[in-house]
$ cat query-v6.cif   # mmCIF, C-alpha atoms and all ligand atoms
data_my_file
#
loop_
_atom_site.group_PDB
_atom_site.id
_atom_site.type_symbol
_atom_site.label_atom_id
_atom_site.label_comp_id
_atom_site.auth_asym_id
_atom_site.auth_seq_id
_atom_site.Cartn_x
_atom_site.Cartn_y
_atom_site.Cartn_z
ATOM 1 C CA MET A 1 -27.574 -12.658 -22.169
ATOM 2 C CA SER A 2 -31.198 -11.540 -22.520
ATOM 3 C CA ASN A 3 -33.363 -13.714 -24.741
ATOM 4 C CA ASN A 4 -37.037 -12.897 -25.224
ATOM 5 C CA ASN A 5 -37.114 -14.514 -28.626
ATOM 6 C CA GLN A 6 -40.056 -16.890 -29.150
ATOM 7 C CA TYR A 7 -39.180 -17.709 -32.771
ATOM 8 C CA THR A 8 -38.836 -21.339 -33.877
ATOM 9 C CA PRO A 9 -37.766 -21.729 -37.521
ATOM 10 C CA PRO A 10 -40.399 -23.609 -39.596
ATOM 11 C CA LYS A 11 -39.479 -26.689 -41.676
ATOM 12 C CA VAL A 12 -39.395 -24.579 -44.844
ATOM 13 C CA TRP A 13 -38.609 -20.853 -44.676
ATOM 14 C CA GLU A 14 -41.195 -18.552 -46.207
ATOM 15 C CA TRP A 15 -40.804 -14.937 -47.194
ATOM 16 C CA ASN A 16 -42.715 -12.570 -44.927
ATOM 17 C CA PRO A 17 -42.693 -9.146 -46.660
ATOM 18 C CA GLY A 18 -43.629 -7.359 -43.441
ATOM 19 C CA ASN A 19 -40.729 -8.583 -41.295
ATOM 20 C CA GLY A 20 -39.798 -5.021 -40.329
ATOM 21 C CA GLY A 21 -36.467 -3.279 -40.441
ATOM 22 C CA GLU A 22 -35.408 -0.247 -42.397
ATOM 23 C CA TRP A 23 -34.753 -2.154 -45.641
ATOM 24 C CA ALA A 24 -37.664 -4.614 -45.444
ATOM 25 C CA SER A 25 -39.564 -3.048 -48.325
ATOM 26 C CA ILE A 26 -36.800 -3.706 -50.896
ATOM 27 C CA ASN A 27 -35.743 -7.178 -49.762
ATOM 28 C CA ARG A 28 -36.990 -10.233 -51.635
ATOM 29 C CA PRO A 29 -35.505 -13.735 -51.906
ATOM 30 C CA THR A 30 -35.350 -13.597 -55.708
ATOM 31 C CA ALA A 31 -33.057 -12.033 -58.318
ATOM 32 C CA GLY A 32 -33.694 -10.300 -61.637
ATOM 33 C CA ALA A 33 -35.392 -7.174 -62.924
ATOM 34 C CA ARG A 34 -38.672 -6.187 -61.284
ATOM 35 C CA HIS A 35 -39.628 -3.438 -63.715
ATOM 36 C CA GLU A 36 -38.658 -2.003 -67.098
ATOM 37 C CA HIS A 37 -36.433 1.024 -66.737
ATOM 38 C CA LYS A 38 -34.156 2.750 -69.214
ATOM 39 C CA LEU A 39 -31.052 4.312 -67.652
ATOM 40 C CA PRO A 40 -29.771 7.703 -68.802
ATOM 41 C CA VAL A 41 -26.426 7.857 -70.627
ATOM 42 C CA GLY A 42 -24.385 11.049 -70.277
ATOM 43 C CA LYS A 43 -21.637 12.540 -72.433
ATOM 44 C CA HIS A 44 -18.582 10.829 -70.933
ATOM 45 C CA PRO A 45 -17.302 7.348 -71.794
ATOM 46 C CA LEU A 46 -17.585 6.271 -68.142
ATOM 47 C CA GLN A 47 -21.150 6.017 -66.880
ATOM 48 C CA LEU A 48 -21.535 5.262 -63.192
ATOM 49 C CA TYR A 49 -24.847 4.231 -61.623
ATOM 50 C CA SER A 50 -24.480 4.530 -57.892
ATOM 51 C CA LEU A 51 -25.218 6.021 -54.475
ATOM 52 C CA ALA A 52 -22.787 7.470 -51.888
ATOM 53 C CA THR A 53 -22.815 4.511 -49.506
ATOM 54 C CA PRO A 54 -19.315 3.247 -48.619
ATOM 55 C CA ASN A 55 -19.372 0.861 -51.606
ATOM 56 C CA GLY A 56 -20.407 3.711 -53.881
ATOM 57 C CA GLN A 57 -17.781 6.086 -52.462
ATOM 58 C CA LYS A 58 -14.996 3.672 -53.413
ATOM 59 C CA VAL A 59 -15.619 4.283 -57.108
ATOM 60 C CA THR A 60 -16.224 8.036 -57.009
ATOM 61 C CA ILE A 61 -13.085 8.518 -54.878
ATOM 62 C CA MET A 62 -11.132 6.402 -57.390
ATOM 63 C CA LEU A 63 -12.411 8.462 -60.325
ATOM 64 C CA GLU A 64 -11.639 11.737 -58.560
ATOM 65 C CA GLU A 65 -8.126 10.470 -57.738
ATOM 66 C CA LEU A 66 -7.575 9.560 -61.396
ATOM 67 C CA LEU A 67 -8.776 12.988 -62.511
ATOM 68 C CA ALA A 68 -6.557 14.670 -59.900
ATOM 69 C CA SER A 69 -3.592 12.743 -61.342
ATOM 70 C CA GLY A 70 -4.315 14.149 -64.792
ATOM 71 C CA HIS A 71 -6.211 11.256 -66.449
ATOM 72 C CA LYS A 72 -8.640 13.364 -68.456
ATOM 73 C CA ASP A 73 -10.386 10.262 -69.850
ATOM 74 C CA ALA A 74 -11.528 9.407 -66.340
ATOM 75 C CA GLU A 75 -14.253 12.072 -66.651
ATOM 76 C CA TYR A 76 -17.559 10.475 -65.755
ATOM 77 C CA ASP A 77 -21.271 10.876 -65.320
ATOM 78 C CA ALA A 78 -22.552 9.620 -61.956
ATOM 79 C CA HIS A 79 -26.268 8.864 -62.075
ATOM 80 C CA LEU A 80 -28.243 8.355 -58.900
ATOM 81 C CA ILE A 81 -29.589 4.898 -58.103
ATOM 82 C CA ASP A 82 -31.916 5.242 -55.130
ATOM 83 C CA ILE A 83 -31.800 1.787 -53.548
ATOM 84 C CA SER A 84 -34.541 2.658 -51.058
ATOM 85 C CA GLU A 85 -36.852 3.223 -54.061
ATOM 86 C CA GLY A 86 -35.845 -0.051 -55.762
ATOM 87 C CA ASP A 87 -33.942 1.566 -58.670
ATOM 88 C CA GLN A 88 -31.470 -1.336 -58.519
ATOM 89 C CA PHE A 89 -34.202 -3.651 -59.802
ATOM 90 C CA GLY A 90 -34.833 -1.726 -63.037
ATOM 91 C CA SER A 91 -34.171 -3.666 -66.263
ATOM 92 C CA ASP A 92 -31.231 -1.586 -67.564
ATOM 93 C CA PHE A 93 -29.511 -1.621 -64.163
ATOM 94 C CA VAL A 94 -29.873 -5.394 -63.848
ATOM 95 C CA ASP A 95 -28.326 -5.724 -67.327
ATOM 96 C CA ILE A 96 -25.217 -4.011 -65.906
ATOM 97 C CA ASN A 97 -25.300 -5.717 -62.530
ATOM 98 C CA PRO A 98 -27.305 -8.963 -62.327
ATOM 99 C CA ASN A 99 -26.753 -8.776 -58.551
ATOM 100 C CA SER A 100 -28.858 -5.561 -58.283
ATOM 101 C CA LYS A 101 -26.469 -3.606 -56.077
ATOM 102 C CA ILE A 102 -24.650 -0.340 -56.500
ATOM 103 C CA PRO A 103 -22.073 0.575 -57.713
ATOM 104 C CA ALA A 104 -22.304 -0.419 -61.386
ATOM 105 C CA LEU A 105 -20.159 0.992 -64.176
ATOM 106 C CA MET A 106 -20.587 1.033 -67.948
ATOM 107 C CA ASP A 107 -17.499 1.880 -69.990
ATOM 108 C CA HIS A 108 -18.455 3.116 -73.466
ATOM 109 C CA ALA A 109 -14.820 3.172 -74.649
ATOM 110 C CA PRO A 110 -13.266 -0.042 -73.355
ATOM 111 C CA ALA A 111 -9.711 -1.050 -74.309
ATOM 112 C CA SER A 112 -11.075 -4.372 -75.633
ATOM 113 C CA GLY A 113 -12.535 -2.586 -78.673
ATOM 114 C CA GLN A 114 -16.043 -3.797 -77.795
ATOM 115 C CA SER A 115 -18.641 -1.059 -77.911
ATOM 116 C CA THR A 116 -19.283 -1.259 -74.156
ATOM 117 C CA GLN A 117 -18.020 -3.080 -71.102
ATOM 118 C CA ARG A 118 -20.120 -3.548 -67.984
ATOM 119 C CA VAL A 119 -18.350 -3.836 -64.613
ATOM 120 C CA PHE A 120 -20.016 -4.677 -61.325
ATOM 121 C CA GLU A 121 -18.720 -5.301 -57.774
ATOM 122 C CA SER A 122 -16.815 -2.353 -56.332
ATOM 123 C CA GLY A 123 -13.536 -4.288 -56.051
ATOM 124 C CA ALA A 124 -13.723 -5.339 -59.704
ATOM 125 C CA ILE A 125 -14.483 -1.741 -60.695
ATOM 126 C CA LEU A 126 -11.435 -0.443 -58.793
ATOM 127 C CA LEU A 127 -9.196 -3.042 -60.417
ATOM 128 C CA TYR A 128 -10.692 -2.366 -63.866
ATOM 129 C CA LEU A 129 -10.043 1.378 -63.543
ATOM 130 C CA ALA A 130 -6.548 0.859 -62.095
ATOM 131 C CA GLU A 131 -5.651 -1.311 -65.095
ATOM 132 C CA LYS A 132 -7.377 0.927 -67.643
ATOM 133 C CA PHE A 133 -5.476 4.024 -66.463
ATOM 134 C CA ASP A 134 -2.375 2.176 -65.272
ATOM 135 C CA ASP A 135 -2.479 3.951 -61.926
ATOM 136 C CA LEU A 136 -3.087 3.411 -58.213
ATOM 137 C CA LEU A 137 -1.907 -0.193 -58.295
ATOM 138 C CA PRO A 138 1.806 -0.651 -57.526
ATOM 139 C CA LYS A 139 4.004 -1.815 -60.431
ATOM 140 C CA ASP A 140 6.342 -3.736 -58.165
ATOM 141 C CA SER A 141 5.052 -7.316 -58.023
ATOM 142 C CA ALA A 142 5.376 -7.725 -54.228
ATOM 143 C CA LYS A 143 3.593 -4.439 -53.533
ATOM 144 C CA ARG A 144 0.936 -5.162 -56.154
ATOM 145 C CA THR A 145 0.239 -8.528 -54.516
ATOM 146 C CA GLU A 146 0.001 -6.821 -51.124
ATOM 147 C CA ALA A 147 -2.428 -4.219 -52.521
ATOM 148 C CA LEU A 148 -4.610 -6.942 -54.064
ATOM 149 C CA SER A 149 -4.551 -8.964 -50.836
ATOM 150 C CA TRP A 150 -5.920 -5.973 -48.925
ATOM 151 C CA LEU A 151 -8.408 -5.139 -51.677
ATOM 152 C CA PHE A 152 -9.848 -8.660 -51.492
ATOM 153 C CA TRP A 153 -9.629 -8.580 -47.685
ATOM 154 C CA GLN A 154 -11.941 -5.584 -47.762
ATOM 155 C CA MET A 155 -14.374 -7.240 -50.126
ATOM 156 C CA GLY A 156 -14.627 -10.294 -47.875
ATOM 157 C CA SER A 157 -14.533 -8.487 -44.529
ATOM 158 C CA GLY A 158 -16.685 -5.416 -45.220
ATOM 159 C CA PRO A 159 -20.017 -7.293 -45.228
ATOM 160 C CA TYR A 160 -19.485 -8.250 -41.555
ATOM 161 C CA VAL A 161 -19.339 -4.533 -40.831
ATOM 162 C CA GLY A 162 -22.121 -3.354 -43.191
ATOM 163 C CA GLY A 163 -24.496 -6.315 -43.338
ATOM 164 C CA GLY A 164 -23.600 -7.472 -39.827
ATOM 165 C CA PHE A 165 -22.603 -4.778 -37.335
ATOM 166 C CA GLY A 166 -24.222 -1.791 -39.064
ATOM 167 C CA HIS A 167 -27.414 -3.683 -39.782
ATOM 168 C CA PHE A 168 -27.991 -5.016 -36.268
ATOM 169 C CA TYR A 169 -26.628 -1.950 -34.408
ATOM 170 C CA LYS A 170 -28.407 0.673 -36.490
ATOM 171 C CA TYR A 171 -31.147 -0.723 -38.732
ATOM 172 C CA ALA A 172 -32.709 -3.828 -37.121
ATOM 173 C CA PRO A 173 -36.264 -3.251 -35.817
ATOM 174 C CA GLU A 174 -35.105 -4.231 -32.297
ATOM 175 C CA PRO A 175 -31.682 -4.704 -30.666
ATOM 176 C CA ILE A 176 -30.678 -8.397 -30.560
ATOM 177 C CA GLU A 177 -27.835 -8.875 -28.097
ATOM 178 C CA TYR A 178 -26.468 -12.047 -29.705
ATOM 179 C CA ALA A 179 -26.281 -10.447 -33.162
ATOM 180 C CA ILE A 180 -24.797 -7.155 -31.902
ATOM 181 C CA ASP A 181 -22.222 -9.013 -29.793
ATOM 182 C CA ARG A 182 -21.226 -11.300 -32.634
ATOM 183 C CA PHE A 183 -20.743 -8.564 -35.218
ATOM 184 C CA THR A 184 -19.235 -6.020 -32.816
ATOM 185 C CA MET A 185 -16.636 -8.611 -31.846
ATOM 186 C CA GLU A 186 -15.779 -9.249 -35.506
ATOM 187 C CA THR A 187 -15.787 -5.541 -36.394
ATOM 188 C CA LYS A 188 -13.418 -4.722 -33.514
ATOM 189 C CA ARG A 189 -11.191 -7.626 -34.531
ATOM 190 C CA GLN A 190 -11.011 -6.196 -38.060
ATOM 191 C CA LEU A 191 -10.273 -2.694 -36.721
ATOM 192 C CA ASP A 192 -7.413 -4.239 -34.755
ATOM 193 C CA VAL A 193 -6.123 -6.018 -37.890
ATOM 194 C CA LEU A 194 -5.960 -2.647 -39.644
ATOM 195 C CA ASP A 195 -4.521 -0.826 -36.641
ATOM 196 C CA LYS A 196 -1.687 -3.328 -36.254
ATOM 197 C CA HIS A 197 -0.885 -3.244 -39.986
ATOM 198 C CA LEU A 198 -0.912 0.546 -40.105
ATOM 199 C CA ALA A 199 1.474 0.747 -37.149
ATOM 200 C CA ASP A 200 4.272 -0.205 -39.567
ATOM 201 C CA ASN A 201 2.855 0.981 -42.881
ATOM 202 C CA ASP A 202 1.895 4.428 -44.147
ATOM 203 C CA PHE A 203 -0.655 2.919 -46.502
ATOM 204 C CA MET A 204 -2.274 -0.499 -46.892
ATOM 205 C CA ALA A 205 0.232 -1.690 -49.502
ATOM 206 C CA GLY A 206 3.226 -0.133 -47.733
ATOM 207 C CA ASP A 207 4.562 3.215 -48.864
ATOM 208 C CA GLU A 208 2.239 3.649 -51.884
ATOM 209 C CA TYR A 209 -1.347 4.911 -51.811
ATOM 210 C CA SER A 210 -3.410 2.453 -53.865
ATOM 211 C CA ILE A 211 -6.828 0.962 -54.608
ATOM 212 C CA ALA A 212 -6.477 -0.964 -51.329
ATOM 213 C CA ASP A 213 -6.707 2.320 -49.392
ATOM 214 C CA ILE A 214 -9.525 3.490 -51.660
ATOM 215 C CA ALA A 215 -11.506 0.294 -50.950
ATOM 216 C CA ILE A 216 -10.887 0.288 -47.208
ATOM 217 C CA TRP A 217 -11.313 3.972 -46.276
ATOM 218 C CA PRO A 218 -15.045 4.323 -47.111
ATOM 219 C CA TRP A 219 -15.890 1.506 -44.666
ATOM 220 C CA TYR A 220 -13.278 1.583 -41.930
ATOM 221 C CA GLY A 221 -12.123 5.212 -42.229
ATOM 222 C CA ASN A 222 -15.706 6.461 -42.161
ATOM 223 C CA LEU A 223 -16.503 4.145 -39.235
ATOM 224 C CA VAL A 224 -13.708 5.365 -36.942
ATOM 225 C CA LEU A 225 -14.207 9.003 -37.993
ATOM 226 C CA GLY A 226 -17.881 8.743 -37.008
ATOM 227 C CA ASN A 227 -19.279 9.264 -40.500
ATOM 228 C CA VAL A 228 -21.292 6.000 -40.492
ATOM 229 C CA TYR A 229 -23.395 4.173 -37.858
ATOM 230 C CA ASP A 230 -22.675 6.750 -35.102
ATOM 231 C CA ALA A 231 -20.646 4.119 -33.260
ATOM 232 C CA VAL A 232 -17.369 5.853 -32.344
ATOM 233 C CA GLU A 233 -17.957 5.573 -28.597
ATOM 234 C CA PHE A 234 -19.535 2.104 -28.752
ATOM 235 C CA LEU A 235 -16.539 0.706 -30.653
ATOM 236 C CA GLN A 236 -13.966 2.795 -28.716
ATOM 237 C CA ALA A 237 -12.687 4.021 -32.057
ATOM 238 C CA GLU A 238 -10.171 6.393 -30.467
ATOM 239 C CA SER A 239 -8.181 3.372 -29.239
ATOM 240 C CA TYR A 240 -7.196 2.455 -32.826
ATOM 241 C CA LYS A 241 -4.550 5.161 -33.063
ATOM 242 C CA ASN A 242 -2.743 4.030 -36.217
ATOM 243 C CA LEU A 243 -6.004 3.455 -38.036
ATOM 244 C CA LEU A 244 -7.207 6.927 -37.039
ATOM 245 C CA ARG A 245 -3.952 8.497 -38.246
ATOM 246 C CA TRP A 246 -4.442 6.820 -41.636
ATOM 247 C CA ALA A 247 -8.187 7.585 -41.740
ATOM 248 C CA ARG A 248 -7.547 11.312 -41.179
ATOM 249 C CA GLN A 249 -4.660 11.371 -43.667
ATOM 250 C CA ILE A 250 -6.777 9.772 -46.421
ATOM 251 C CA GLY A 251 -9.833 11.837 -45.478
ATOM 252 C CA ASP A 252 -7.804 15.021 -46.012
ATOM 253 C CA ARG A 253 -7.061 14.173 -49.646
ATOM 254 C CA GLU A 254 -8.856 16.518 -52.032
ATOM 255 C CA ALA A 255 -10.083 13.652 -54.235
ATOM 256 C CA VAL A 256 -11.533 11.853 -51.213
ATOM 257 C CA LYS A 257 -13.348 15.008 -50.077
ATOM 258 C CA ARG A 258 -14.799 15.326 -53.577
ATOM 259 C CA GLY A 259 -15.580 11.690 -54.274
ATOM 260 C CA ARG A 260 -17.448 11.049 -51.028
ATOM 261 C CA LEU A 261 -20.071 13.679 -51.925
ATOM 262 C CA VAL A 262 -21.068 12.246 -55.276
ATOM 263 C CA ASN A 263 -24.561 10.680 -55.364
ATOM 264 C CA ARG A 264 -25.085 11.669 -51.748
ATOM 265 C CA THR A 265 -28.708 12.518 -50.964
ATOM 266 C CA TRP A 266 -28.617 12.751 -47.156
ATOM 267 C CA GLY A 267 -26.797 14.649 -44.413
ATOM 268 C CA ASP A 268 -25.935 18.347 -44.467
ATOM 269 C CA GLU A 269 -27.071 20.312 -47.540
ATOM 270 C CA ASP A 270 -23.466 21.291 -48.309
ATOM 271 C CA GLU A 271 -22.467 17.622 -48.389
ATOM 272 C CA GLN A 272 -25.076 16.517 -50.912
ATOM 273 C CA LEU A 273 -24.726 16.056 -54.658
ATOM 274 C CA ARG A 274 -27.400 13.933 -56.348
ATOM 275 C CA GLU A 275 -25.617 13.580 -59.676
ATOM 276 C CA ARG A 276 -22.251 14.507 -61.114
ATOM 277 C CA HIS A 277 -21.824 15.215 -64.812
ATOM 278 C CA ASP A 278 -18.911 17.655 -64.682
ATOM 279 C CA SER A 279 -16.197 18.490 -62.151
ATOM 280 C CA SER A 280 -17.839 21.886 -61.641
ATOM 281 C CA ASP A 281 -20.837 20.077 -60.099
ATOM 282 C CA ILE A 282 -18.617 19.135 -57.146
ATOM 283 C CA ASP A 283 -16.907 22.565 -57.057
ATOM 284 C CA LYS A 284 -20.308 24.179 -56.487
ATOM 285 C CA VAL A 285 -20.981 22.013 -53.412
ATOM 286 C CA ILE A 286 -17.495 21.954 -51.918
ATOM 287 C CA LYS A 287 -16.735 25.688 -52.544
HETATM 288 N N1 LIG A 301 -20.115 -6.621 -52.964
HETATM 289 C C1 LIG A 301 -20.833 -5.509 -53.518
HETATM 290 C C2 LIG A 301 -21.783 -4.989 -52.478
HETATM 291 C C3 LIG A 301 -22.596 -3.835 -52.995
HETATM 292 C C4 LIG A 301 -23.728 -3.484 -52.030
HETATM 293 O O1 LIG A 301 -23.968 -4.171 -51.032
HETATM 294 N N2 LIG A 301 -24.448 -2.400 -52.362
HETATM 295 C C5 LIG A 301 -25.568 -1.995 -51.540
HETATM 296 C C6 LIG A 301 -25.402 -0.571 -51.084
HETATM 297 S S1 LIG A 301 -23.941 -0.378 -50.129
HETATM 298 C C7 LIG A 301 -26.840 -2.076 -52.369
HETATM 299 O O2 LIG A 301 -26.849 -1.706 -53.525
HETATM 300 N N3 LIG A 301 -27.935 -2.561 -51.769
HETATM 301 C C8 LIG A 301 -29.188 -2.628 -52.419
HETATM 302 C C9 LIG A 301 -29.889 -3.933 -52.179
HETATM 303 O O3 LIG A 301 -29.353 -4.787 -51.446
HETATM 304 O O4 LIG A 301 -30.980 -4.120 -52.724
HETATM 305 C C10 LIG A 301 -19.852 -4.428 -53.966
HETATM 306 O O5 LIG A 301 -18.868 -4.214 -53.259
HETATM 307 O O6 LIG A 301 -20.078 -3.818 -55.022
#

$ encode --input "query-v6.cif" --output "structure tokens" --more "lines below"
Ligand SMILES: N[C@@H](CCC(=O)N[C@@H](CS)C(=O)NCC(=O)O)C(=O)O
Amino acid sequence: MSNNNQYTPPKVWEWNPGNGGEWASINRPTAGARHEHKLPVGKHPLQLYSLATPNGQKVTIMLEELLASGHKDAEYDAHLIDISEGDQFGSDFVDINPNSKIPALMDHAPASGQSTQRVFESGAILLYLAEKFDDLLPKDSAKRTEALSWLFWQMGSGPYVGGGFGHFYKYAPEPIEYAIDRFTMETKRQLDVLDKHLADNDFMAGDEYSIADIAIWPWYGNLVLGNVYDAVEFLQAESYKNLLRWARQIGDREAVKRGRLVNRTWGDEDEQLRERHDSSDIDKVIK
């Protein structure tokens, strides 16, 4: 293994704002709001503050699935939070998510009777919406438990792909063999976990499409379809045949095609939609 690294950790770590890397300018070792900022509130009860990264796509796909199933109250406004500009550190956003990460949801008509309910963490948002609309989470206790196991699997495993593999393969200022090896190994292991499971199951929780699929597709479906990190060849994605079958099947769903565009500000022009305030906003892009 090549090792040109001269770095010796000091006794006490100190923040060096200029440590390079694509996200260096927004990273700091402290939490909390960095500036006052009032967030807009649209006309629908559900107000989403997000960006079309895989974690953001989970929620917009879920909302589009709910709308496609006829839940009219799932109409939503999706406001853009540009994390490269530090929008996640504005005061109103931090009030919704003290962890300063998208996606963050504010429900202005919660079942609790409170005037508003904040929800942060994409997995918690999926579960909140599944319970609110009584949909996309199996009723059968065994299947529900299976769906929740895979939902939480995604929440725990995804950061090795995003913060680990994706970061060191795509964003780090220089390639570090140890880091790329470590996270590629773990990412391929996870792809194999999914591939083996999907050999015997149509969907993550068995025969029912659920929030487990909606959580997993934006990371692992997008990865093997080549929509993130440009790593199909590197990871030999075509070898995960069952995973690819599932990824294509989910990717072909109308709600998935719609949801993945919302709050997307990069890529082809006809795949971008900064904000969504009405279903016609997506119709105009998707045609
Ligand atoms: N566990 C969180 C992770 C959310 C997350 O990592 N969001 C990223 C974008 S994908 C973000 O907002 N990053 C901004 C930052 O780290 O400052 C969730 O699933 O909601």

$ atom_distance --input "query-v6.cif" --atom1 "atom CA of Lys196 of chain A" --atom2 "atom CA of Arg182 of chain A"
21.4 Å

$ closest_residue --input "query-v6.cif" --among "A:Leu39, A:Leu244, A:Val119, A:Leu136" --to "ligand LIG 301 (chain A)" --atoms "all atoms listed in the file"
A:Val119

$ closest_residue --input "query-v6.cif" --among "A:Pro40, A:Gly123, A:Pro29, A:Pro173" --to "Ile216 of chain A" --atoms "only C-alpha atoms"
A:Gly123

$ residues_near_ligand --input "query-v6.cif" --ligand "ligand LIG 301 (chain A)" --cutoff "7 Å" --atoms "all atoms listed in the file" --output "PyMOL selection string"
chain A and resi 26-27+53-56+83+88+100-103+120-123+155

$ atom_distance --input "query-v6.cif" --atom1 "atom CA of Trp150 of chain A" --atom2 "atom CA of Ile61 of chain A"
17.2 Å

$ resolve_selection --input "query-v6.cif" --expression "the PyMOL selection byres (((chain A and resi 271) around 10) and not hetatm)" --output "PyMOL selection string"
chain A and resi 257-258+260-262+264-270+272-273+282+285-286

$ write_last_selection --input "query-v6.cif" --atoms "C-alpha atoms" --output "tab-separated table (two decimals), keeping the file's coordinate frame"
chain	number	residue	atom	x	y	z
A	257	LYS	CA	-13.35	15.01	-50.08
A	258	ARG	CA	-14.80	15.33	-53.58
A	260	ARG	CA	-17.45	11.05	-51.03
A	261	LEU	CA	-20.07	13.68	-51.92
A	262	VAL	CA	-21.07	12.25	-55.28
A	264	ARG	CA	-25.08	11.67	-51.75
A	265	THR	CA	-28.71	12.52	-50.96
A	266	TRP	CA	-28.62	12.75	-47.16
A	267	GLY	CA	-26.80	14.65	-44.41
A	268	ASP	CA	-25.94	18.35	-44.47
A	269	GLU	CA	-27.07	20.31	-47.54
A	270	ASP	CA	-23.47	21.29	-48.31
A	272	GLN	CA	-25.08	16.52	-50.91
A	273	LEU	CA	-24.73	16.06	-54.66
A	282	ILE	CA	-18.62	19.14	-57.15
A	285	VAL	CA	-20.98	22.01	-53.41
A	286	ILE	CA	-17.50	21.95	-51.92

$ residues_around --input "query-v6.cif" --residues "Ile211 of chain A" --least-positions-apart "2" --cutoff "8 Å" --atoms "only C-alpha atoms" --output "number ranges by chain"
A: 62, 126-127, 130, 136-137, 147, 151, 209, 213-215

$ closest_residue --input "query-v6.cif" --among "A:Ala212, A:Leu80, A:Leu243, A:Leu223" --to "Ala124 of chain A" --atoms "all atoms listed in the file"
A:Ala212

$ residues_around --input "query-v6.cif" --residues "Gln117 of chain A" --least-positions-apart "2" --cutoff "12 Å" --atoms "all atoms listed in the file" --output "MDAnalysis selection string"
chainID A and resid 45:47 95:97 104:115 119:120 125 128:129 132

$ write_last_selection --input "query-v6.cif" --atoms "C-alpha atoms" --output "PDB file, keeping the file's coordinate frame"
ATOM      1  CA  PRO A  45     -17.302   7.348 -71.794  1.00  0.00           C
ATOM      2  CA  LEU A  46     -17.585   6.271 -68.142  1.00  0.00           C
ATOM      3  CA  GLN A  47     -21.150   6.017 -66.880  1.00  0.00           C
ATOM      4  CA  ASP A  95     -28.326  -5.724 -67.327  1.00  0.00           C
ATOM      5  CA  ILE A  96     -25.217  -4.011 -65.906  1.00  0.00           C
ATOM      6  CA  ASN A  97     -25.300  -5.717 -62.530  1.00  0.00           C
ATOM      7  CA  ALA A 104     -22.304  -0.419 -61.386  1.00  0.00           C
ATOM      8  CA  LEU A 105     -20.159   0.992 -64.176  1.00  0.00           C
ATOM      9  CA  MET A 106     -20.587   1.033 -67.948  1.00  0.00           C
ATOM     10  CA  ASP A 107     -17.499   1.880 -69.990  1.00  0.00           C
ATOM     11  CA  HIS A 108     -18.455   3.116 -73.466  1.00  0.00           C
ATOM     12  CA  ALA A 109     -14.820   3.172 -74.649  1.00  0.00           C
ATOM     13  CA  PRO A 110     -13.266  -0.042 -73.355  1.00  0.00           C
ATOM     14  CA  ALA A 111      -9.711  -1.050 -74.309  1.00  0.00           C
ATOM     15  CA  SER A 112     -11.075  -4.372 -75.633  1.00  0.00           C
ATOM     16  CA  GLY A 113     -12.535  -2.586 -78.673  1.00  0.00           C
ATOM     17  CA  GLN A 114     -16.043  -3.797 -77.795  1.00  0.00           C
ATOM     18  CA  SER A 115     -18.641  -1.059 -77.911  1.00  0.00           C
ATOM     19  CA  VAL A 119     -18.350  -3.836 -64.613  1.00  0.00           C
ATOM     20  CA  PHE A 120     -20.016  -4.677 -61.325  1.00  0.00           C
ATOM     21  CA  ILE A 125     -14.483  -1.741 -60.695  1.00  0.00           C
ATOM     22  CA  TYR A 128     -10.692  -2.366 -63.866  1.00  0.00           C
ATOM     23  CA  LEU A 129     -10.043   1.378 -63.543  1.00  0.00           C
ATOM     24  CA  LYS A 132      -7.377   0.927 -67.643  1.00  0.00           C
TER      25      LYS A 132
END

$ closest_residue --input "query-v6.cif" --among "A:Ser279, A:Ser157, A:Thr145, A:Asn242" --to "Asp192 of chain A" --atoms "all atoms listed in the file"
A:Asn242

$ closest_residue --input "query-v6.cif" --among "A:Phe234, A:Trp217, A:Phe168, A:Phe203" --to "Lys188 of chain A" --atoms "all atoms listed in the file"
A:Phe234

$ closest_residue --input "query-v6.cif" --among "A:Phe89, A:Trp15, A:Tyr229, A:Tyr240" --to "Lys38 of chain A" --atoms "all atoms listed in the file"
A:Phe89

$ resolve_selection --input "query-v6.cif" --expression "the PyMOL selection byres (((chain A and resi 67) around 12) and not hetatm)" --output "list of chain:residue names"
A:Thr60, A:Ile61, A:Met62, A:Leu63, A:Glu64, A:Glu65, A:Leu66, A:Ala68, A:Ser69, A:Gly70, A:His71, A:Lys72, A:Asp73, A:Ala74, A:Glu75, A:Tyr76, A:Leu129, A:Phe133, A:Asp135, A:Leu136, A:Glu254, A:Ala255, A:Val256, A:Arg258, A:Gly259, A:Asp278, A:Ser279
